[in-house]
Each structure stands twice: as C-alpha cells, then as structure tokens.
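Here's the structure we're looking at; comments come further down.
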Amino acid sequence: MNALRRHRALERIWGPRPGWRGKLTTVNNNDIGLMFLFLAVTFFVIGGILAMLIRAQLATPRSVFMGPDIYNQVFTMHGVIMMFLFAIPLFEGLTVYLLPKMLGTRDLAFPRLSAFGFWCYAFGGSLLIFALLAGIAPDSGWFMYPPLSSTLGSPGINPDFWLLGITFVEISAISASVEIVVTVLLYRAPGMSLDKLPIFAWYMLIVAVMILTGFPPLILGSILLELERAFGMPFFQVDAGGDSLLWQHLFWLFGHPEVYIIFLPAAGVISTVLPVMARTTLLGYGWIVAAAISLGVLSFGIWVHHMYATGIPHMGLAFFSAASTLVAVPTGVQIFAWIGTLWKGRPEMHMPMLWILSFFATFVMGGLTGVMVAVVPFDWQSHDTYFVVAHLHYVLVGGFVFPMLAGLYYWLPHFTGRKRFFKLGKTAFWLVFFGFHGTFLLLHWAGLLGMRRRIDHIENGSGWELINLLASISGFVMAIGFALVLIDVVVNAVVAVRGRRNPWHAGTLEWAMPAPSASYNIASIPEVRSRNPLYDDPELPVRIARGEGYLGDPSSGLREILTVEIASGRPSSLVIFPTNTALPIVMAFVTGGLFVGMLIKAYWLVPLSILGVTALAVWWAWSLGSRRDQEPQPVGHGLVLPLASEAKRPPGWWGSLFLLIANGVFFGSLLFGYAFLWTVAPNWPPPAWLKPDLTGPLLALGGATLSWRGIRVADRGLRRNGGPWLGLLLSLAGSVALASAAVTIFMRTTHDAHAYDATLWVIAGYVLFHATIVGLMTVFLALRAAAGYLSARRIGEARVVRLWTDYAVVTALLGLGAAWLPGVLT
Amino acid sequence: MTDILRISVPLTAWLVAFSAVYGLHGLVCSDRWVAAGLDLAVGRAAMAAAWIVAIALQVALLLALRSPRFASPSAFMRGVSLTLSVTALVATLWTLMPVVTTSACL
C-alpha cells in the first residue's frame, strides 16, 4: 500500500462524517481541539470588549457611561470569561489538538469524553453569555464572596448563573484533565520513556493533575453556596453557624493553584518553542521538570495568600507568606533555564520569539510584584487596590497570553499548512506590547495612590484622573493590537501560500506529519529513541507516511492505537477506539437540564435530567467491550499485543482512578469545611448534636462489609470462570445498606436549622450518591456478565466497579463516622 | 506508576503536613482548645512536635529515595525524585518554621 492509499484509508476510518452533522458527532481530537480554540478565542473577544467598556467608564471622572448595576456585571463577567471561558479552554484546546501528535499517537485516551467536555463548555459558557445579554449576569466579582453573593446581598438570579454555569463548564476541565493524564501516561509512541517525553507533555501532565486536585474545592464551594441560595442551608451565614470565610478558603484552594494552572501550559509552550527559536535543545530538561512539579504542588500551599486582610493570626500569615516566597524559586529555575537555552543557542528573531521576549519582560515584573504582595505588611497596604489588578494582569497576560501568542505563531503553519506571508503581526505585537504596559504599569501607581479595585467611577481631585485617562487610551491601543493579531492570523490562514513541512526545523513529532494534519494524526506509529526524534532521523516523516512504524496497515478498518508501559514506554496493548457518535453532545445537553432546572427553579427537571444522564451513561458504556476472548493481535514489526479490553487495568480503570482522585479531593474539602466550621465559626456548637442510635452505624458497617467483600467474591468468581452472581448480589445489598445509613441522617436532622445540620445533609447526600452509583454499576456489571461481556480474561470492567466500590465504602465510613462522632463523644 | 509515586510523594507529604499544621494552629487558637483545658504552651509544643515529625518524615523519604531498594532504576527519574525530595525537605523546614518563631494566636 502506498502512502496516498494509506492516507485515504486512514482518513475514512478516523475522519468525521461529512457536512454539518460531522461537527456535532465528531470525537476526533483535531476537530474537538479546533472547536475549543475557536470558542475560547470568541470568548476572549467578548471578554476584551468588556475590558474596553471598563476602561471607557474609568477614563474620565464621574463618568455616566454605565451605571453601577451594569458596571458590576461588566467587570465581573470580564474576569469570569477570561479565567473560566478563555484561559483554561484555550490551553485545553491546544492540548487536545497537539498532545497526540507530540506523543506520536493517533488520538487522546477517551475521544468521546473530549467531545462531551467540549459540549459542556459550549453550553455552560452560552448560559453565562445569555445572562450577560439579558442583563442578569453575575455581579459580585469573579470570586463571588458571600454574603455579597448570597441571597442577603444578591437576591436575584445573577449569582446563580455563576454558580451553575461555571460548575457546568468545570465538567469540561475535569474531563479534559482525566484524559490528558491517561494519554500522557499510557498513549505514547513506543520507546518514549518518561525521560524522553516532550517537555510540553510533562507540563500538561502536571497541569492536568493540578486541575483534578484544584477544581474540586471550587465545585464544592459552588454547590454549597447554591444550596444556601436555593434551599436556605446556611453554610456561609454567621447567625446560623456558618462562616463566610469558608467560601474564601474553598475558593482560594482553587484560585491560587489556578494561577499556576494557567501559567504552566504557557511555560510548556515556551519550553517547546524557545529552543527551536534558539536553534538548540532545552537546557536543564530535568531541572525544568522538577521545577514545574515543585511549582505545581507548592502552589497548593498558598491559598491564604489572598486572605491576609481577613484577620488571620500572625502565625497563619507567616506560614503562607513563607510558602508564597518559596514559589518564586522554581519559577526562577525555569526562567534561568530558558535564559541559559538562549545563551547556549543562536536565537532567531521570528514572531514567536518576539512574543517570548515580551513574556520575559512582562512576567518577571509580574512575578516581582507577586513577591511584594506575598509579604504581609505590603499586602495589607495594597490589598483590594489597583496595584493588585495591575499585578494579576502582568502575571496572566504576560505569563499566559503572550506565550500563547508565541505558540499561535509557532504552530500556525501546522494548523493551516501555509507559510506566513503578511506581516501585520509585527505591528500588532508592538501595539499590544506598548498598549499593555501603558495600561497596567500606570495602574500600579493608581493602586499605590489608593485607588480601590471595582469602583464604578473615579472622583475629581482624587489624583487618579490622568493615570486612568492614559491607561484607558493605552487599553484601546492594546485592543487594536489584539484585533490586528486576529486579522493577521485569519488572513494568513486563508490566503497565504502553501508552506513546507516543519518550517522551523523542530525536533518534536508534531512536525513529522503533513500540515494541516490528517484526522488520524500519524500514519504509522514510530519507535522513539530521544526527545527530538526528528533531529535523530530527518527522514522519519517519510518513513511514517510509508507505514514503516507500528499499525501502519489500516486494513482492519478499525481505529487502532497503542498503549505503553508508563515508565519504560514499551508497547503493552492494542486499543480499538469508538467511532463518531452524537452521544457526547446529547449527554451534554441532557446534563445541562440539571443546571438549567436548578437555575430557573424548575426542580422537576433535575431528576428527569439525572435519569436521562444515567440512561445515556449506560448506553455509552454498553457499546464498549467484546463478547469473546481474543488472541493477541499483530501491530507491526513482528510484535503481537493483547487487546486493552483484556487488560486487568484497562485505560478506563486509569481514567476512573484519576477521576476518583479528584472526587477524593472534593470529599476531603467537604471534611475540611466541616472541621473549619466546627473550629472557627462563631455560633458553634450547634443547639444539638446528632446522637445516632444503633441502626445507622450498623447499616453503615454491614453495608461496607458486604460491598467490600461482595465485589471481591464476584471478582474471584470471574477469575475462576464461575459466576459473579453471589458476589454481585452481596455488593448490591451492601450499597443499599450504605444508602440506608445515609438516609437515617436525613430523617433525624433539618437541612436549614444550622450549618452543622446542613453539613450533615451534604455528607449524607455524598454517601447516598456514591452508594447509588455503585449500586447501579453493580447491576450494570450483572447485566454485562449475563450478556457475555465478562470472562476471566475480560475482567477489566469488574476491576473498574471494584475501584468505585472501594472508594464508596471508604468515604461512607469516613463521612458517616465524622457525622456521628461529635454526638457520640458528647 | 512507581516512578510517578517517587516524584509525587515527597511534596505531597509536605502539603499534607503543611495543611495539618495549619489546621492544628486553627484548633489551638480556637475556643475548643481552651474548652478542652489546654493552654497555648501545649498548643505550641504540639505544633513544634508536628513540625519535627514532618521533617523526620522528609529526611526518611530522602534517604529511602537514595537507597538501592527504593531508588528509581532510571537515572533521570532518580535525579528528579531526589531533587523533589530535597525541595520538599526545604519547604517543610521553611514554611513551618513560624511554629517556633512567631506569636501563635495574635
């Protein structure tokens, strides 16, 4: 088979359906990645327009351009859009598009999950834009502090759009993270051991783990605040045992890592692009990996950094001030490694390099002001002023937008297959650069002169008038610059001349394929021996196209892909991917019903939506697997591999593991909230502790034992080619008992009596939810066994259910124990 | 997966210790501590003890990652895991030092 026939055959297998239906049903990483990028840029334009409205309002004293009500919505939505609808989805899109190519594989680990995540993002983001257009957008600031955002401060629907819309969008971030982690760990070209990973993949692995551990506290906070607003459960109301500081803790447990979640992908882009621009290889690869991991974990110890002005004792402040200053060290290690790379090489001043240099200038200044606000006495002076506004824009625009623009210009030939011809980009660069610094450098002084953030107008004689006028003019210059960037990209994408493959002479695998890439990404999967395979073997693209790698024969007509061992990169199994389907978009739409039902208080829609999601999830999972054991399959080069569906730990098991890690962080945050209220909230202890009778604990212990034991009995039955029935029955009985134990808490407390009772309801709800899920999974497993999908070799699905069962048992015992303990001790 | 554990455990242990000591600090400064009949000196001693345990744990992890039994067979992963282990030890020393240097509940 020649290269062209191989291309056509693979395109038929991996490509989307023709026409507009193709966009709705595609699960291909190229389509989904580009859709993410397009939508993120659209939101960036909307957020940018809002920024210009802010600058127009503040350009002159006592401006009547907007009233306070509208202004509050505008600045809140500017922050919300830029943080949640632009920054995170942009790097998700870039990663979904690029990662399989860099890793030398054909798609991400769970293609349907990518599509589901995208549609959740699209629908959730649309909800927020609808609110903006309807004049009912969130107006309590992007971090939504109660009591301003609770019904006391905002009785309208505005904050509900934030709480529900953002939580809906976060499904997308969690989905993308699960599959980024599993993809980097398992789906790589053979030979690509961890020390040969493209540096971007390391960064994205770290970022994905950070999202899995950073987002759950915010999701919990959003749920608690929405429960307070909708049902009067007083988590944040002091008079009923709540504490508004709990929200700040939960928000910033997410919010500070979020800064690094946004910065690290950009750092990954720099570490990829900079060596190519400098005609050399990255200096200090291992140090950069260690620095990025350090930064990722240390960033979780800084959340109180944002709460210095809340009256926390000196020792608490000192903990977080110390951690905040420490974070500068791994950041510095990366900066010095990049400078060393420039020193080592022969830098060429192309467009990506211009943006990287602007990153250096801007981000270093933002980092230094970050160290200033990490120091408590200074922060007390500058807290909630425009100094902080200027600092965060230096970090986020300098540390994210500029590197992403470097990446955009670097990979533009890959996206378009064209050679950049029109030179509008350079003019755009200077407009953005000077416009940005003209705006935000000046605003540091406004902050030091006492200008508070979020004020809707400035007064004559305040001393801030000239600064704000100049900042506004510069802001519009920057906006014109960004508009020119967009025009430059569109023009070059549409009408520039065709370019050659790998115009930058880069060494990573994404340049080993024709541009724009085909839907299957790589015609055959190469064996990798270094971090820059194209430097080792410049003829590699040709050999890949000729099908000389693994899986070069498309005659099976299936979407075939390899997994490897995590550390060594040795090939371990063959995976057959699902094809295009409307299931993700339908499931996202039905999931949206849950959020819309809560939003408009049509609560009947919520259970309907949950039923719909459950039915679709069963359909989703049922379509996988096989009814017969299969022999190992040839994958090329004389190698035969077993099917991943016959592995004891199939990719779905790994996906479940990382999802449960995120779930565990959610649960841990819930217990933290409970302990926080118990320790710190003023109106504790509650009027009465829940004193359990014997029923609840007996049900919990009995249920835990049955579930734990039952799923193992079922597993053993399958391994011995016997029936799993007895074990599944025991496990199901255990789930019912655990659920019943949780219900006893509902029966003996009132949800809105006190923050203590409300917390017990959430803990019991959590246990009930997981017991129900595990019960449903157990029934599903029984049906699969009856239909012939399980055997001693095809045991992976049972292992997934076992993982979930174990998790449900452990969290039920911990949660219910925590709920009952105070009542037992007093 | 073992290599992933080697590089993730030390800093995760720091994060757990850091959060636990901060939680303990919250407890020491709360009314519950006084209600339990304990004073500030006991609280500070408890926090200092927790700090020492955290340091000892980090030293033990560092030694383990250097030992032939637990060290990664890959030179690259061994280097990264040791760097991260040293980082976690420094982070434990530095970020929890306030338990013996600043006022507790002011």
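FYI, nothing fancy with the structure tokens labels: chains A, B, ... in order, residues from 1 per chain, ligands from 1 as they appear.
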Report task. Compile the contact shell of segment 151-166 of chain A as a ChimeraX atom specification: residues with an atom at most 7 Å away, counting only C-alpha atoms, same-chain residues fewer than 5 positions apart removed. Result -> /A:124-125,127-128,136-139,222,226,229,595,599
Report task. Step one, run DSSP on the backbone; step two, keep only residues of segment 87-285 of chain A assigned to helix (DSSP H, G or I); then write them as number ranges by chain. Result -> A: 87-103, 111-133, 158-186, 194-196, 199-231, 238-240, 244-277, 285
**Report entry** For Gly696 of chain A: contacts at 10 Å, only C-alpha atoms, fewer than 6 positions along chain excluded, given as a list in words
**Finding:**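 That gives Gly702, Ala737, Leu738, Ser740, Ala741, Ala742, Val743, Thr744, Ile745, Leu816 and Trp820 of chain A.
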Expected file: the selected residues, C-alpha atoms, as an mmCIF file, in the first residue's frame:
data_model
loop_
_atom_site.group_PDB
_atom_site.id
_atom_site.type_symbol
_atom_site.label_atom_id
_atom_site.label_comp_id
_atom_site.auth_asym_id
_atom_site.auth_seq_id
_atom_site.Cartn_x
_atom_site.Cartn_y
_atom_site.Cartn_z
ATOM 1 C CA GLY A 702 -22.814 -4.012 57.473
ATOM 2 C CA ALA A 737 -27.373 -0.687 53.290
ATOM 3 C CA LEU A 738 -24.902 2.191 52.875
ATOM 4 C CA SER A 740 -29.988 3.491 54.035
ATOM 5 C CA ALA A 741 -27.395 4.512 56.627
ATOM 6 C CA ALA A 742 -27.119 7.890 54.914
ATOM 7 C CA VAL A 743 -30.895 8.257 54.838
ATOM 8 C CA THR A 744 -31.053 7.915 58.633
ATOM 9 C CA ILE A 745 -29.220 11.256 58.849
ATOM 10 C CA LEU A 816 -20.737 8.925 58.342
ATOM 11 C CA TRP A 820 -21.846 10.812 64.111
#
**Report entry** Counting only C-alpha atoms, chain B residues within 9 Å of chain A, as number ranges by chain
**Finding:** B: 1-4, 7-8, 11-12, 14-15, 18-19, 22-23, 25-27, 29-32, 74, 76-77, 79-81, 83-84, 87-88, 91, 94-99, 101-106
Go ahead and save the residues from that selection, with N, CA and C atoms, as a tab-separated table (two decimals), in the first residue's frame.
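Okay, out12.tsv is ready:
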chain	number	residue	atom	x	y	z
B	1	MET	N	4.22	3.38	37.18
B	1	MET	CA	3.49	4.08	38.24
B	1	MET	C	4.39	4.32	39.45
B	2	THR	N	5.33	3.38	39.68
B	2	THR	CA	6.21	3.55	40.84
B	2	THR	C	7.03	4.82	40.70
B	3	ASP	N	7.50	5.10	39.47
B	3	ASP	CA	8.27	6.33	39.27
B	3	ASP	C	7.40	7.56	39.52
B	4	ILE	N	6.15	7.48	39.12
B	4	ILE	CA	5.24	8.61	39.38
B	4	ILE	C	5.09	8.81	40.89
B	7	ILE	N	8.18	10.57	42.40
B	7	ILE	CA	8.30	12.02	42.23
B	7	ILE	C	7.16	12.77	42.90
B	8	SER	N	6.09	12.10	43.24
B	8	SER	CA	4.95	12.85	43.79
B	8	SER	C	4.83	12.75	45.32
B	11	LEU	N	6.63	15.87	47.94
B	11	LEU	CA	5.95	17.17	48.01
B	11	LEU	C	4.50	17.01	48.48
B	12	THR	N	3.89	15.87	48.15
B	12	THR	CA	2.53	15.64	48.66
B	12	THR	C	2.57	15.52	50.19
B	14	TRP	N	4.72	16.99	52.07
B	14	TRP	CA	4.85	18.38	52.56
B	14	TRP	C	3.48	19.05	52.63
B	15	LEU	N	2.71	18.89	51.56
B	15	LEU	CA	1.40	19.56	51.50
B	15	LEU	C	0.48	19.07	52.61
B	18	PHE	N	1.84	20.48	55.89
B	18	PHE	CA	1.58	21.93	55.93
B	18	PHE	C	0.11	22.20	56.28
B	19	SER	N	-0.78	21.50	55.60
B	19	SER	CA	-2.22	21.69	55.85
B	19	SER	C	-2.58	21.23	57.26
B	22	TYR	N	-1.38	23.75	59.79
B	22	TYR	CA	-2.25	24.93	59.73
B	22	TYR	C	-3.60	24.63	60.41
B	23	GLY	N	-4.11	23.43	60.18
B	23	GLY	CA	-5.36	23.03	60.84
B	23	GLY	C	-5.17	22.96	62.36
B	25	HIS	N	-3.04	24.63	64.06
B	25	HIS	CA	-2.93	26.02	64.51
B	25	HIS	C	-4.33	26.62	64.70
B	26	GLY	N	-5.21	26.34	63.74
B	26	GLY	CA	-6.59	26.83	63.88
B	26	GLY	C	-7.25	26.29	65.14
B	27	LEU	N	-7.00	25.03	65.39
B	27	LEU	CA	-7.59	24.39	66.58
B	27	LEU	C	-7.02	24.99	67.86
B	29	CYS	N	-5.85	27.89	68.36
B	29	CYS	CA	-6.30	29.26	68.59
B	29	CYS	C	-7.82	29.36	68.76
B	30	SER	N	-8.51	28.24	68.75
B	30	SER	CA	-9.98	28.29	68.85
B	30	SER	C	-10.44	28.12	70.30
B	31	ASP	N	-11.70	28.40	70.52
B	31	ASP	CA	-12.29	28.22	71.86
B	31	ASP	C	-12.29	26.75	72.26
B	32	ARG	N	-12.31	25.86	71.27
B	32	ARG	CA	-12.37	24.42	71.58
B	32	ARG	C	-11.13	23.97	72.37
B	74	SER	N	15.84	4.28	36.68
B	74	SER	CA	16.19	5.25	35.65
B	74	SER	C	16.98	6.40	36.26
B	76	PHE	N	17.44	9.35	35.13
B	76	PHE	CA	16.68	10.60	35.03
B	76	PHE	C	15.66	10.71	36.17
B	77	MET	N	14.88	9.64	36.37
B	77	MET	CA	13.85	9.68	37.39
B	77	MET	C	14.47	9.75	38.79
B	79	GLY	N	17.26	11.29	39.54
B	79	GLY	CA	17.67	12.69	39.71
B	79	GLY	C	16.48	13.59	40.05
B	80	VAL	N	15.40	13.41	39.29
B	80	VAL	CA	14.22	14.27	39.52
B	80	VAL	C	13.62	13.97	40.89
B	81	SER	N	13.53	12.70	41.25
B	81	SER	CA	12.89	12.38	42.53
B	81	SER	C	13.73	12.89	43.70
B	83	THR	N	15.78	15.51	43.61
B	83	THR	CA	15.63	16.98	43.62
B	83	THR	C	14.33	17.37	44.31
B	84	LEU	N	13.27	16.65	43.97
B	84	LEU	CA	11.97	16.99	44.55
B	84	LEU	C	11.92	16.65	46.04
B	87	THR	N	13.65	19.43	47.73
B	87	THR	CA	12.73	20.58	47.70
B	87	THR	C	11.68	20.45	48.81
B	88	ALA	N	11.14	19.25	48.96
B	88	ALA	CA	10.10	19.04	49.97
B	88	ALA	C	10.66	19.22	51.38
B	91	ALA	N	11.11	22.89	51.87
B	91	ALA	CA	9.78	23.50	52.03
B	91	ALA	C	9.24	23.24	53.44
B	94	TRP	N	11.20	25.46	55.88
B	94	TRP	CA	10.97	26.91	55.70
B	94	TRP	C	9.53	27.32	56.01
B	95	THR	N	8.58	26.60	55.46
B	95	THR	CA	7.19	27.08	55.58
B	95	THR	C	6.59	26.80	56.96
B	96	LEU	N	7.14	25.84	57.69
B	96	LEU	CA	6.59	25.56	59.02
B	96	LEU	C	7.44	26.15	60.14
B	97	MET	N	8.51	26.83	59.77
B	97	MET	CA	9.35	27.45	60.78
B	97	MET	C	8.59	28.42	61.70
B	98	PRO	N	7.55	29.09	61.20
B	98	PRO	CA	6.82	30.01	62.09
B	98	PRO	C	6.29	29.36	63.37
B	99	VAL	N	6.18	28.04	63.43
B	99	VAL	CA	5.66	27.44	64.67
B	99	VAL	C	6.58	27.73	65.87
B	101	THR	N	8.79	30.59	65.71
B	101	THR	CA	9.38	31.94	65.59
B	101	THR	C	8.36	33.08	65.71
B	102	THR	N	7.09	32.82	65.59
B	102	THR	CA	6.14	33.94	65.66
B	102	THR	C	5.10	33.70	66.76
B	103	SER	N	4.39	34.77	67.08
B	103	SER	CA	3.31	34.63	68.06
B	103	SER	C	2.23	33.72	67.47
B	104	ALA	N	1.56	32.97	68.32
B	104	ALA	CA	0.67	31.93	67.80
B	104	ALA	C	-0.70	32.45	67.42
B	105	CYS	N	-1.35	33.15	68.32
B	105	CYS	CA	-2.77	33.44	68.10
B	105	CYS	C	-3.09	34.93	68.08
B	106	LEU	N	-2.10	35.78	67.97
B	106	LEU	CA	-2.38	37.23	67.90
B	106	LEU	C	-2.88	37.60	66.52
Query raised in the report: Can you list, as a list of chain:residue names, every protein, DNA or RNA residue that comes within 12 Å of Ala64 of chain B when you count only C-alpha atoms, leaving out same-chain residues fewer than 4 positions away?
Result: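 So the residues in contact are B:Arg6, B:Val9, B:Pro10, B:Leu57, B:Gln58, B:Val59, B:Ala60, B:Pro68, B:Arg69, B:Phe70, B:Ala71, B:Ser72, B:Arg78, B:Ser81, B:Leu82, B:Ser85.
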Can you write just those residues out, C-alpha atoms, as a CSV table (one decimal), in the first residue's frame?
chain,number,residue,atom,x,y,z
B,6,ARG,CA,8.6,8.5,43.6
B,9,VAL,CA,5.2,11.5,47.3
B,10,PRO,CA,7.7,13.9,49.0
B,57,LEU,CA,9.4,12.1,57.5
B,58,GLN,CA,11.0,14.1,54.8
B,59,VAL,CA,14.5,13.0,55.8
B,60,ALA,CA,13.3,9.4,55.8
B,68,PRO,CA,19.1,0.9,46.2
B,69,ARG,CA,15.9,-0.7,47.4
B,70,PHE,CA,13.6,2.3,46.6
B,71,ALA,CA,15.6,4.4,44.1
B,72,SER,CA,14.4,4.5,40.5
B,78,ARG,CA,16.3,9.2,40.2
B,81,SER,CA,12.9,12.4,42.5
B,82,LEU,CA,15.9,13.3,44.7
B,85,SER,CA,12.7,15.3,47.8
Query raised in the report: What is the distance, in Å and to one decimal place, between atom CA of Leu103 of chain A and atom CA of Arg188 of chain A?
Result: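 These atoms are spaced 5.0 Å apart.
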Query raised in the report: What does the distance from atom CA of Pro234 of chain A to atom CA of Leu220 of chain A come to in Å, to one decimal?
Result: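 Interatomic distance, atom CA of Pro234 of chain A to atom CA of Leu220 of chain A: 14.4 Å.
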Requested in this report: Would you work out the distance separating atom CA of Gln248 of chain A from atom CA of Ile223 of chain A, expressed in Å to one decimal?
Outcome: 14.1 Å
Query raised in the report: Got a sec: who's within 9 Å of Glu170 of chain A, counting only C-alpha atoms, leaving out chain neighbours fewer than 3 positions off, as a list in words?
Result: Phe84, Gly117, Cys120, Tyr121, Gly124, Gly165, Ile166, Thr167, Ala173, Ile174, Ser175, Phe215 and Ile219 of chain A
Query raised in the report: Hey, what's within 9 Å of segment 38-41 of chain B if we count only C-alpha atoms and toss same-chain stuff fewer than 2 positions away? As a list in words, please?
Result: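 So, after excluding close chain neighbours, the residues are Val28, Cys29, Trp33, Val34, Ala35, Ala36, Gly43, Arg44, Ala45, Ala46, Ala104 and Cys105 of chain B.
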Quick one: write out the picked residues with N, CA and C atoms as an mmCIF file, in the first residue's frame?
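For reference, result-v1.cif as written:
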data_model
loop_
_atom_site.group_PDB
_atom_site.id
_atom_site.type_symbol
_atom_site.label_atom_id
_atom_site.label_comp_id
_atom_site.auth_asym_id
_atom_site.auth_seq_id
_atom_site.Cartn_x
_atom_site.Cartn_y
_atom_site.Cartn_z
ATOM 1 N N VAL B 28 -5.689 25.178 67.885
ATOM 2 C CA VAL B 28 -5.026 25.716 69.078
ATOM 3 C C VAL B 28 -5.566 27.108 69.411
ATOM 4 N N CYS B 29 -5.847 27.887 68.365
ATOM 5 C CA CYS B 29 -6.299 29.261 68.593
ATOM 6 C C CYS B 29 -7.818 29.355 68.759
ATOM 7 N N TRP B 33 -9.986 24.588 72.036
ATOM 8 C CA TRP B 33 -8.729 24.210 72.694
ATOM 9 C C TRP B 33 -8.799 24.567 74.178
ATOM 10 N N VAL B 34 -9.271 25.773 74.432
ATOM 11 C CA VAL B 34 -9.391 26.217 75.825
ATOM 12 C C VAL B 34 -10.439 25.372 76.547
ATOM 13 N N ALA B 35 -11.543 25.093 75.837
ATOM 14 C CA ALA B 35 -12.616 24.296 76.444
ATOM 15 C C ALA B 35 -12.130 22.902 76.828
ATOM 16 N N ALA B 36 -11.117 22.429 76.097
ATOM 17 C CA ALA B 36 -10.568 21.098 76.408
ATOM 18 C C ALA B 36 -9.562 21.160 77.562
ATOM 19 N N GLY B 43 -0.256 23.968 73.031
ATOM 20 C CA GLY B 43 -0.527 24.096 71.590
ATOM 21 C C GLY B 43 0.754 24.292 70.796
ATOM 22 N N ARG B 44 1.603 25.194 71.275
ATOM 23 C CA ARG B 44 2.859 25.447 70.552
ATOM 24 C C ARG B 44 3.723 24.184 70.550
ATOM 25 N N ALA B 45 3.752 23.490 71.679
ATOM 26 C CA ALA B 45 4.546 22.255 71.748
ATOM 27 C C ALA B 45 4.002 21.218 70.760
ATOM 28 N N ALA B 46 2.682 21.150 70.650
ATOM 29 C CA ALA B 46 2.082 20.191 69.703
ATOM 30 C C ALA B 46 2.468 20.542 68.268
ATOM 31 N N ALA B 104 1.563 32.970 68.319
ATOM 32 C CA ALA B 104 0.671 31.928 67.802
ATOM 33 C C ALA B 104 -0.703 32.445 67.425
ATOM 34 N N CYS B 105 -1.346 33.150 68.315
ATOM 35 C CA CYS B 105 -2.767 33.443 68.097
ATOM 36 C C CYS B 105 -3.094 34.928 68.081
#
**Report entry** Shell of 9 Å around Phe110 of chain A, only C-alpha atoms, local chain residues under 6 positions omitted, as an MDAnalysis selection string
**Finding:** chainID A and resid 27 178:179 182:183 577:578 651:652 655
